[in-house]
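J.: Data file target33.txt (compact mmCIF, C-alpha atoms) is appended below.
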```txt
# COMPACT_ATOMS: atom_id res chain seq x y z
CA MET A 29 -13.23 -16.36 20.88
CA THR A 30 -15.50 -15.09 23.62
CA MET A 31 -16.34 -17.27 26.58
CA ASP A 32 -19.62 -19.18 26.36
CA PRO A 33 -21.09 -18.94 29.88
CA PHE A 34 -23.43 -21.89 29.24
CA ALA A 35 -20.55 -24.19 28.30
CA THR A 36 -18.40 -22.83 31.13
CA LEU A 37 -20.98 -23.77 33.77
CA GLY A 38 -22.28 -26.82 31.91
CA ALA A 39 -25.74 -25.27 31.67
CA PRO A 40 -28.26 -25.98 28.91
CA ARG A 41 -28.79 -23.20 26.38
CA ARG A 42 -32.18 -22.09 27.58
CA PHE A 43 -33.57 -19.03 29.28
CA ASP A 44 -35.24 -20.62 32.30
CA LEU A 45 -32.21 -21.89 34.17
CA ASP A 46 -32.41 -23.27 37.69
CA LEU A 47 -30.32 -20.63 39.44
CA ALA A 48 -29.98 -22.68 42.62
CA VAL A 49 -28.36 -25.52 40.68
CA LEU A 50 -26.21 -23.07 38.78
CA GLU A 51 -25.02 -21.39 41.94
CA LYS A 52 -24.03 -24.76 43.35
CA THR A 53 -22.08 -25.60 40.18
CA HIS A 54 -20.38 -22.22 40.37
CA ARG A 55 -19.40 -22.82 43.99
CA GLU A 56 -18.08 -26.32 43.34
CA LEU A 57 -16.07 -25.28 40.28
CA SER A 58 -14.66 -22.29 42.15
CA ARG A 59 -13.57 -24.54 44.99
CA ALA A 60 -11.96 -27.05 42.61
CA LEU A 61 -10.10 -24.24 40.85
CA HIS A 62 -8.98 -22.47 44.03
CA PRO A 63 -5.29 -21.42 43.89
CA ASP A 64 -4.58 -23.42 47.08
CA LYS A 65 -5.29 -26.60 45.14
CA PHE A 66 -2.63 -25.64 42.60
CA ALA A 67 0.11 -24.62 45.02
CA GLN A 68 2.27 -27.55 43.91
CA ALA A 69 1.38 -27.30 40.23
CA GLY A 70 3.56 -25.81 37.49
CA ALA A 71 3.27 -22.18 36.47
CA SER A 72 1.29 -22.82 33.28
CA GLU A 73 -1.15 -25.11 35.05
CA ARG A 74 -1.62 -22.51 37.79
CA ARG A 75 -2.26 -19.83 35.23
CA ALA A 76 -4.78 -22.01 33.39
CA ALA A 77 -6.67 -22.70 36.64
CA LEU A 78 -6.72 -19.01 37.46
CA GLU A 79 -8.07 -18.14 34.05
CA LYS A 80 -10.71 -20.84 34.29
CA ALA A 81 -11.75 -19.61 37.75
CA ALA A 82 -12.18 -16.08 36.35
CA ASN A 83 -14.33 -17.45 33.52
CA VAL A 84 -16.46 -19.42 35.98
CA ASN A 85 -17.10 -16.27 38.01
CA GLU A 86 -17.92 -14.22 34.94
CA ALA A 87 -20.23 -16.97 33.58
CA TRP A 88 -22.16 -16.99 36.85
CA ARG A 89 -22.49 -13.20 36.84
CA ILE A 90 -23.84 -13.33 33.28
CA LEU A 91 -26.27 -16.21 33.72
CA ARG A 92 -27.82 -15.01 36.99
CA ASP A 93 -28.90 -11.76 35.28
CA PRO A 94 -31.91 -12.26 32.95
CA ILE A 95 -30.80 -9.58 30.49
CA ARG A 96 -27.19 -10.72 30.26
CA ARG A 97 -28.38 -14.34 30.09
CA ALA A 98 -30.62 -13.52 27.13
CA GLU A 99 -27.78 -11.63 25.43
CA ALA A 100 -25.49 -14.64 25.96
CA LEU A 101 -28.13 -16.95 24.48
CA PHE A 102 -28.37 -14.91 21.31
CA ARG A 103 -24.57 -14.72 21.07
CA ALA A 104 -24.10 -18.44 21.74
CA LEU A 105 -26.47 -19.12 18.85
CA GLY A 106 -24.38 -16.93 16.58
CA PHE A 107 -26.72 -13.96 16.67
CA ALA A 108 -25.19 -10.52 17.27
CA VAL A 109 -26.81 -8.28 19.85
CA GLY A 110 -26.07 -4.70 20.88
CA GLU A 111 -26.51 -1.14 19.77
CA THR A 112 -26.49 -1.45 16.00
CA ASN A 113 -27.93 -4.95 15.68
CA GLU A 114 -31.19 -4.56 17.50
CA PRO A 115 -34.41 -3.35 15.93
CA LYS A 116 -35.99 -0.07 16.99
CA ALA A 117 -38.72 -0.35 19.58
CA SER A 118 -42.25 -0.01 18.21
CA PRO A 119 -43.87 3.44 18.57
CA ALA A 120 -46.72 1.97 20.62
CA PHE A 121 -44.30 0.37 23.05
CA LEU A 122 -42.26 3.58 23.36
CA MET A 123 -45.43 5.57 23.98
CA GLU A 124 -46.33 3.25 26.85
CA VAL A 125 -42.85 3.41 28.35
CA MET A 126 -42.87 7.20 28.11
CA GLU A 127 -46.26 7.43 29.83
CA GLU A 128 -45.19 5.08 32.61
CA ARG A 129 -41.94 6.98 33.11
CA GLU A 130 -43.83 10.27 33.34
CA ALA A 131 -46.27 8.78 35.85
CA LEU A 132 -43.29 7.58 37.88
CA ALA A 133 -41.65 11.02 37.75
CA GLU A 134 -44.92 12.59 38.94
CA ALA A 135 -45.26 10.11 41.81
CA ARG A 136 -41.68 10.86 42.80
CA ALA A 137 -42.29 14.61 42.74
CA ALA A 138 -45.45 14.13 44.84
CA LYS A 139 -43.49 11.87 47.23
CA ASP A 140 -46.22 9.27 46.75
CA LEU A 141 -44.27 6.13 47.59
CA GLY A 142 -47.35 3.94 47.39
CA LYS A 143 -47.90 5.03 43.80
CA VAL A 144 -44.21 4.49 42.99
CA GLN A 145 -44.42 0.93 44.27
CA LYS A 146 -47.65 0.29 42.42
CA LEU A 147 -46.13 1.47 39.13
CA GLY A 148 -43.03 -0.63 39.80
CA GLY A 149 -45.15 -3.68 40.56
CA ALA A 150 -47.02 -3.35 37.27
CA ILE A 151 -43.75 -3.12 35.32
CA SER A 152 -42.33 -6.13 37.19
CA VAL A 153 -45.33 -8.14 36.07
CA ARG A 154 -44.72 -7.10 32.47
CA ALA A 155 -41.02 -7.90 32.71
CA LYS A 156 -41.92 -11.36 34.00
CA ALA A 157 -44.27 -11.83 31.05
CA VAL A 158 -41.45 -10.97 28.65
CA GLU A 159 -39.18 -13.42 30.44
CA GLY A 160 -41.90 -16.03 29.99
CA LYS A 161 -41.87 -15.40 26.24
CA LEU A 162 -38.08 -15.79 26.17
CA THR A 163 -38.39 -19.04 28.11
CA ALA A 164 -40.86 -20.37 25.56
CA GLY A 165 -38.76 -19.13 22.64
CA PHE A 166 -35.60 -20.88 23.80
CA SER A 167 -37.22 -24.03 25.19
CA GLY A 168 -37.03 -26.22 22.12
CA GLY A 169 -33.30 -26.16 21.39
CA ALA A 170 -31.73 -23.60 19.09
CA PRO A 171 -34.45 -21.60 17.31
CA PRO A 172 -33.97 -20.93 13.57
CA LYS A 173 -32.75 -17.48 12.53
CA ASP A 174 -36.18 -16.05 11.73
CA GLU A 175 -37.44 -17.15 15.14
CA LEU A 176 -34.44 -15.53 16.82
CA GLU A 177 -35.20 -12.31 14.98
CA LYS A 178 -38.70 -12.35 16.40
CA LEU A 179 -37.35 -12.89 19.91
CA LEU A 180 -34.82 -10.06 19.68
CA PRO A 181 -37.21 -7.14 20.46
CA LEU A 182 -37.99 -8.85 23.78
CA LEU A 183 -34.43 -8.19 24.88
CA GLY A 184 -34.89 -4.47 24.25
CA GLU A 185 -38.18 -4.51 26.17
CA LEU A 186 -36.44 -6.10 29.15
CA ARG A 187 -33.85 -3.31 29.15
CA PHE A 188 -36.54 -0.61 29.11
CA TYR A 189 -38.24 -2.33 32.06
CA ARG A 190 -34.93 -2.73 33.88
CA ARG A 191 -34.29 1.00 33.59
CA PHE A 192 -37.74 1.68 34.99
CA LEU A 193 -37.24 -0.69 37.92
CA ASP A 194 -33.79 0.77 38.66
CA GLU A 195 -35.50 4.13 38.97
CA VAL A 196 -38.15 2.69 41.30
CA GLU A 197 -35.38 1.28 43.46
CA ALA A 198 -33.56 4.63 43.53
CA ILE A 199 -36.75 6.41 44.65
CA GLU A 200 -37.38 3.84 47.38
CA GLU A 201 -33.81 4.21 48.57
CA GLU A 202 -34.18 7.98 48.61
CA ALA A 203 -37.37 7.68 50.67
CA ARG A 204 -35.71 5.32 53.14
CA GLU A 205 -32.83 7.73 53.63
CA ALA A 206 -35.20 10.64 54.15
CA GLU A 207 -37.10 8.62 56.71
CA GLU A 208 -33.94 7.66 58.58
CA ALA A 209 -32.77 11.26 58.65
CA LEU A 210 -36.15 12.26 60.03
CA ALA A 211 -36.09 9.54 62.70
CA GLN A 212 -32.64 10.65 63.80
CA ASN A 213 -33.70 14.27 64.09
CA GLY A 214 -36.81 13.20 65.94
CA THR A 215 -34.83 11.51 68.72
CA GLY A 216 -32.53 14.46 68.97
CA VAL A 217 -29.36 12.49 68.23
CA SER A 218 -28.47 14.53 65.20
CA PRO A 219 -24.97 15.96 65.42
CA MET B 21 -16.82 7.74 33.53
CA ALA B 22 -16.05 11.43 33.43
CA TYR B 23 -18.60 13.66 31.77
CA SER B 24 -17.49 16.85 30.05
CA ASP B 25 -18.44 20.18 31.66
CA LYS B 26 -20.93 20.83 28.89
CA VAL B 27 -22.69 17.52 29.46
CA ILE B 28 -22.89 18.21 33.19
CA ASP B 29 -24.22 21.72 32.55
CA HIS B 30 -26.98 20.46 30.23
CA ALA B 31 -27.78 17.46 32.43
CA GLU B 32 -28.07 19.57 35.58
CA ASN B 33 -29.79 22.53 33.94
CA PRO B 34 -31.56 21.04 30.97
CA ARG B 35 -32.99 23.59 28.54
CA ASN B 36 -36.51 23.37 27.15
CA VAL B 37 -37.82 20.50 29.24
CA GLY B 38 -41.55 20.14 28.81
CA THR B 39 -44.43 19.26 26.59
CA LEU B 40 -46.19 20.82 23.62
CA ASP B 41 -49.74 19.93 22.63
CA LYS B 42 -49.30 16.84 20.48
CA ASP B 43 -52.73 17.35 18.89
CA ASP B 44 -51.82 20.82 17.61
CA PRO B 45 -51.32 20.54 13.81
CA SER B 46 -48.31 22.86 13.99
CA VAL B 47 -46.60 20.59 16.52
CA GLY B 48 -44.49 17.60 15.54
CA THR B 49 -43.69 14.92 18.09
CA GLY B 50 -40.76 12.54 17.90
CA LEU B 51 -40.60 9.61 20.26
CA VAL B 52 -37.51 7.43 20.18
CA GLY B 53 -35.86 4.84 22.36
CA ALA B 54 -32.60 2.95 22.60
CA PRO B 55 -33.27 -0.77 23.06
CA ALA B 56 -29.59 -1.30 23.84
CA CYS B 57 -29.77 0.80 27.01
CA GLY B 58 -33.45 1.45 27.76
CA ASP B 59 -33.44 5.24 27.34
CA VAL B 60 -36.54 6.99 26.05
CA MET B 61 -36.67 10.47 24.54
CA ARG B 62 -39.52 12.68 23.36
CA LEU B 63 -38.76 15.79 21.34
CA GLN B 64 -41.41 18.19 20.07
CA ILE B 65 -41.28 21.14 17.72
CA LYS B 66 -43.78 23.92 17.07
CA VAL B 67 -43.49 25.27 13.56
CA SER B 68 -44.70 28.69 12.41
CA ASP B 69 -46.58 29.23 9.14
CA ASP B 70 -43.36 30.23 7.40
CA GLY B 71 -41.61 27.01 8.39
CA VAL B 72 -39.55 28.23 11.34
CA ILE B 73 -39.28 26.18 14.51
CA GLU B 74 -40.53 28.70 17.06
CA ASP B 75 -40.48 26.37 20.03
CA ALA B 76 -38.94 23.03 20.95
CA LYS B 77 -39.41 20.92 24.05
CA PHE B 78 -38.08 17.59 25.19
CA LYS B 79 -38.37 15.00 27.90
CA THR B 80 -35.72 12.34 28.26
CA PHE B 81 -35.53 9.46 30.68
CA GLY B 82 -31.98 8.28 30.46
CA CYS B 83 -28.38 8.98 31.31
CA GLY B 84 -26.76 12.42 31.55
CA SER B 85 -25.45 12.23 27.99
CA ALA B 86 -28.90 11.45 26.59
CA ILE B 87 -30.42 14.36 28.51
CA ALA B 88 -27.60 16.69 27.43
CA SER B 89 -27.87 15.59 23.78
CA SER B 90 -31.60 16.29 23.62
CA SER B 91 -31.29 19.52 25.60
CA LEU B 92 -28.63 20.80 23.21
CA ALA B 93 -30.67 19.63 20.21
CA THR B 94 -33.70 21.70 21.26
CA GLU B 95 -31.47 24.72 21.83
CA TRP B 96 -29.97 24.41 18.38
CA ILE B 97 -33.13 23.86 16.37
CA LYS B 98 -35.11 26.68 17.97
CA GLY B 99 -35.36 29.56 15.51
CA LYS B 100 -34.13 27.43 12.63
CA LYS B 101 -36.04 26.51 9.52
CA VAL B 102 -37.29 22.92 9.44
CA GLU B 103 -34.88 22.07 6.61
CA GLU B 104 -31.96 23.46 8.60
CA ALA B 105 -32.93 21.45 11.66
CA GLU B 106 -33.18 18.37 9.49
CA ALA B 107 -29.57 18.82 8.42
CA LEU B 108 -28.31 18.61 12.00
CA LYS B 109 -26.05 15.61 12.44
CA ASN B 110 -25.30 13.60 15.54
CA VAL B 111 -21.55 14.29 15.09
CA ASP B 112 -22.28 17.99 15.70
CA ILE B 113 -23.67 17.01 19.09
CA VAL B 114 -20.77 14.63 19.77
CA ASN B 115 -18.27 17.40 19.04
CA GLU B 116 -20.05 20.09 21.03
CA LEU B 117 -20.53 17.87 24.10
CA ASN B 118 -17.28 15.95 23.74
CA LEU B 119 -19.10 12.65 24.05
CA PRO B 120 -16.94 9.54 24.51
CA PRO B 121 -17.42 6.63 22.04
CA VAL B 122 -19.70 4.67 24.42
CA LYS B 123 -22.10 7.62 24.53
CA ILE B 124 -22.31 8.35 20.83
CA HIS B 125 -25.60 6.45 20.63
CA CYS B 126 -27.12 9.18 22.84
CA SER B 127 -26.44 11.75 20.10
CA VAL B 128 -27.83 9.36 17.49
CA LEU B 129 -30.99 9.15 19.57
CA ALA B 130 -31.28 12.96 19.62
CA GLU B 131 -30.83 13.16 15.84
CA ASP B 132 -33.48 10.46 15.39
CA ALA B 133 -35.80 12.37 17.70
CA ILE B 134 -35.48 15.56 15.61
CA LYS B 135 -36.04 13.65 12.36
CA SER B 136 -39.03 11.83 13.77
CA ALA B 137 -40.56 15.07 15.11
CA ILE B 138 -40.15 16.67 11.67
CA ALA B 139 -41.66 13.62 9.97
CA ASP B 140 -44.64 13.79 12.32
CA TYR B 141 -45.08 17.52 11.65
CA ARG B 142 -44.96 16.94 7.88
CA ALA B 143 -47.43 14.07 8.05
CA LYS B 144 -49.84 16.35 9.93
CA GLN B 145 -49.40 19.14 7.36
CA ALA B 146 -49.98 16.72 4.49
CA ALA B 147 -53.13 15.43 6.18
CA LYS B 148 -54.46 18.98 6.41
CA ARG B 149 -54.31 19.49 2.67
```
Let's see the structure in the file written out as structure tokens.
T.:
Amino acid sequence: MTMDPFATLGAPRRFDLDLAVLEKTHRELSRALHPDKFAQAGASERRAALEKAANVNEAWRILRDPIRRAEALFRALGFAVGETNEPKASPAFLMEVMEEREALAEARAAKDLGKVQKLGGAISVRAKAVEGKLTAGFSGGAPPKDELEKLLPLLGELRFYRRFLDEVEAIEEEAREAEEALAQNGTGVSP
Amino acid sequence: MAYSDKVIDHAENPRNVGTLDKDDPSVGTGLVGAPACGDVMRLQIKVSDDGVIEDAKFKTFGCGSAIASSSLATEWIKGKKVEEAEALKNVDIVNELNLPPVKIHCSVLAEDAIKSAIADYRAKQAAKR
């Protein structure tokens, strides 16, 4: 039996969770389960608390991440996700992703950081829109199976966008490092 | 995770990266993606009148194994007849590159890309007639 992160943190099974509330719950549960509190307890009780604390941490890591949260929602509703269970992305969607990725690669090659950030901003907006659809899809309790099937491609879309935004972040990081190296050389403090 | 030397070689020096004219009737374009990881791959073939793949190009945005799988795929299908290329299986790529189980889907993606490029080429040829 895999751990249900929603049950572990006492969160409702929906996509739009209040992360501030969840973080507080995580902190309180972690404190209550801290090994110091079980110093006088028996071995089995100590072990149980330790295991529970690990689950609480893992649940928080899952639920704070939109993609892992969505995966957990599907799983909690008895719907398998992962490599072989998800539908192929539509050709039109793939075409768009490919074009955006190529534009990003070009902007990177041209060292056009403004363009990189613009492309990243546009994808962020689209990722937010997909998250909005997931929020709506999971807002009315457990959706029936055919509704879940319709929601499933959104998870794939989020992963394509995540990959894109990871790349944007890597390029920004690269640019920052280059700038720092330049600043150091400029002041003549380079070794 | 440790990549095999062959994966590193293909990922660092990918063969046949580029684009062919997708509007050319002798060019087939395959565009595939892996929703489970967010990788996208485009593989194109240019087929001669006698059914031989005379050129193949790819562009992959993804991990080293996905790049290596598509790079190797273009290398293999170049000079082959379309039917021969169609027979290529992802396990051949897995074996050649020594891909670990978690990266097998990268080879599946490359096989899908070849099949989808061939399907596109055939659809274009059928439309011509």
J.: Taking all atoms listed in the file into account and nothing else, which residues of chain A lie no more than 9 Å away from chain B? Please answer as a tab-separated table (two decimals) with C-alpha atoms, in the frame of the given file.
T.:
```tsv
chain	number	residue	atom	x	y	z
A	109	VAL	CA	-26.81	-8.28	19.85
A	110	GLY	CA	-26.07	-4.70	20.88
A	111	GLU	CA	-26.51	-1.14	19.77
A	112	THR	CA	-26.49	-1.45	16.00
A	114	GLU	CA	-31.19	-4.56	17.50
A	115	PRO	CA	-34.41	-3.35	15.93
A	116	LYS	CA	-35.99	-0.07	16.99
A	117	ALA	CA	-38.72	-0.35	19.58
A	119	PRO	CA	-43.87	3.44	18.57
A	122	LEU	CA	-42.26	3.58	23.36
A	123	MET	CA	-45.43	5.57	23.98
A	125	VAL	CA	-42.85	3.41	28.35
A	126	MET	CA	-42.87	7.20	28.11
A	129	ARG	CA	-41.94	6.98	33.11
A	130	GLU	CA	-43.83	10.27	33.34
A	181	PRO	CA	-37.21	-7.14	20.46
A	183	LEU	CA	-34.43	-8.19	24.88
A	184	GLY	CA	-34.89	-4.47	24.25
A	185	GLU	CA	-38.18	-4.51	26.17
A	186	LEU	CA	-36.44	-6.10	29.15
A	187	ARG	CA	-33.85	-3.31	29.15
A	188	PHE	CA	-36.54	-0.61	29.11
A	189	TYR	CA	-38.24	-2.33	32.06
A	190	ARG	CA	-34.93	-2.73	33.88
A	191	ARG	CA	-34.29	1.00	33.59
A	192	PHE	CA	-37.74	1.68	34.99
```
J.: Need the shell around Glu128 (chain A): protein/DNA/RNA residues with any atom at most 9 Å away, counting only C-alpha atoms. Skip same-chain ones fewer than 4 positions apart. Format as a PyMOL selection string?
T.: chain A and resi 123-124+132-133+147+151+192
J.: Using only C-alpha atoms, which residues sit within 10 Å of Lys80 (chain A) once same-chain residues fewer than 4 positions away are excluded, as a ChimeraX atom specification?
T.: /A:36,57-58,61,74-76,84-86
J.: Which residue gives the smallest distance to Lys144 (chain B) among B:Asp132, B:Asp75, B:Asp43, B:Glu95, with only C-alpha atoms counted?
T.: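 The closest residue to Lys144 (chain B) is B:Asp43.
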J.: Taking all atoms listed in the file into account, which of B:Thr49, B:Lys135, B:Ser91, B:Val122 comes nearest Lys109 (chain B)?
T.: B:Lys135
J.: Nearest residue to Asn33 (chain B) out of B:Ala88, B:Lys123, B:Ile113, B:Arg142, using all atoms listed in the file?
T.: B:Ala88
J.: Name the residues in contact with Lys77 (chain B) at a cut-off of 6 Å, using all atoms listed in the file, excluding same-chain residues fewer than 5 positions from it; report them as a VMD selection string.
T.: chain B and resid 36 to 39 63 to 64
J.: Could the residues in this selection be written to a file with C-alpha atoms, as an mmCIF file, keeping the file's coordinate frame?
T.:
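See part.cif below for the written result:
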```cif
data_model
loop_
_atom_site.group_PDB
_atom_site.id
_atom_site.type_symbol
_atom_site.label_atom_id
_atom_site.label_comp_id
_atom_site.auth_asym_id
_atom_site.auth_seq_id
_atom_site.Cartn_x
_atom_site.Cartn_y
_atom_site.Cartn_z
ATOM 1 C CA ASN B 36 -36.510 23.370 27.150
ATOM 2 C CA VAL B 37 -37.820 20.500 29.240
ATOM 3 C CA GLY B 38 -41.550 20.140 28.810
ATOM 4 C CA THR B 39 -44.430 19.260 26.590
ATOM 5 C CA LEU B 63 -38.760 15.790 21.340
ATOM 6 C CA GLN B 64 -41.410 18.190 20.070
#
```
J.: What does the structure give for the distance between CA of Ile95 (chain A) and CA of Leu193 (chain A), in Å to one decimal?
T.: 13.3 Å
J.: Just checking: using all atoms listed in the file, which residue out of A:Leu182, A:Ala137, A:Leu78, A:Ala35 ends up closest to Leu162 (chain A)?
T.: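 For Leu162 (chain A), the nearest of the given residues is A:Leu182.
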J.: Report, in Å to a single decimal, how far apart CA of Ala86 (chain B) and CA of Ile199 (chain A) are.
T.: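 Separation of CA of Ile199 (chain A) and CA of Ala86 (chain B): 20.3 Å.
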J.: Determine the nearest neighbour of Leu141 (chain A) from the options A:Glu201, A:Asp93, A:Glu208, A:Glu177, counting all atoms listed in the file.
T.: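 Of all the options, A:Glu201 lies closest to Leu141 (chain A).
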J.: For Ala137 (chain B), which residue among B:Glu106, B:Gly99, B:Asp70, B:Gly84 is the nearest when counting only C-alpha atoms?
T.: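 Distance minimum relative to Ala137 (chain B) lands on B:Glu106.
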J.: May I have the protein, DNA and RNA residues with an atom at most 8 Å from (-25.5, 16.1, 22.3), counting all atoms listed in the file in the file's coordinates, returned as a list of chain:residue names?
T.: B:Val27, B:Ser85, B:Ala86, B:Ala88, B:Ser89, B:Ser90, B:Ser91, B:Leu92, B:Ala93, B:Asn110, B:Asp112, B:Ile113, B:Val114, B:Glu116, B:Leu117, B:Leu119, B:Cys126, B:Ser127, B:Ala130
J.: Using CA of Ala143 (chain B) and CA of Trp96 (chain B) as the two end points, give the distance in Å to one decimal.
T.: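 Atom-to-atom, CA of Ala143 (chain B) to CA of Trp96 (chain B), that is 22.8 Å.
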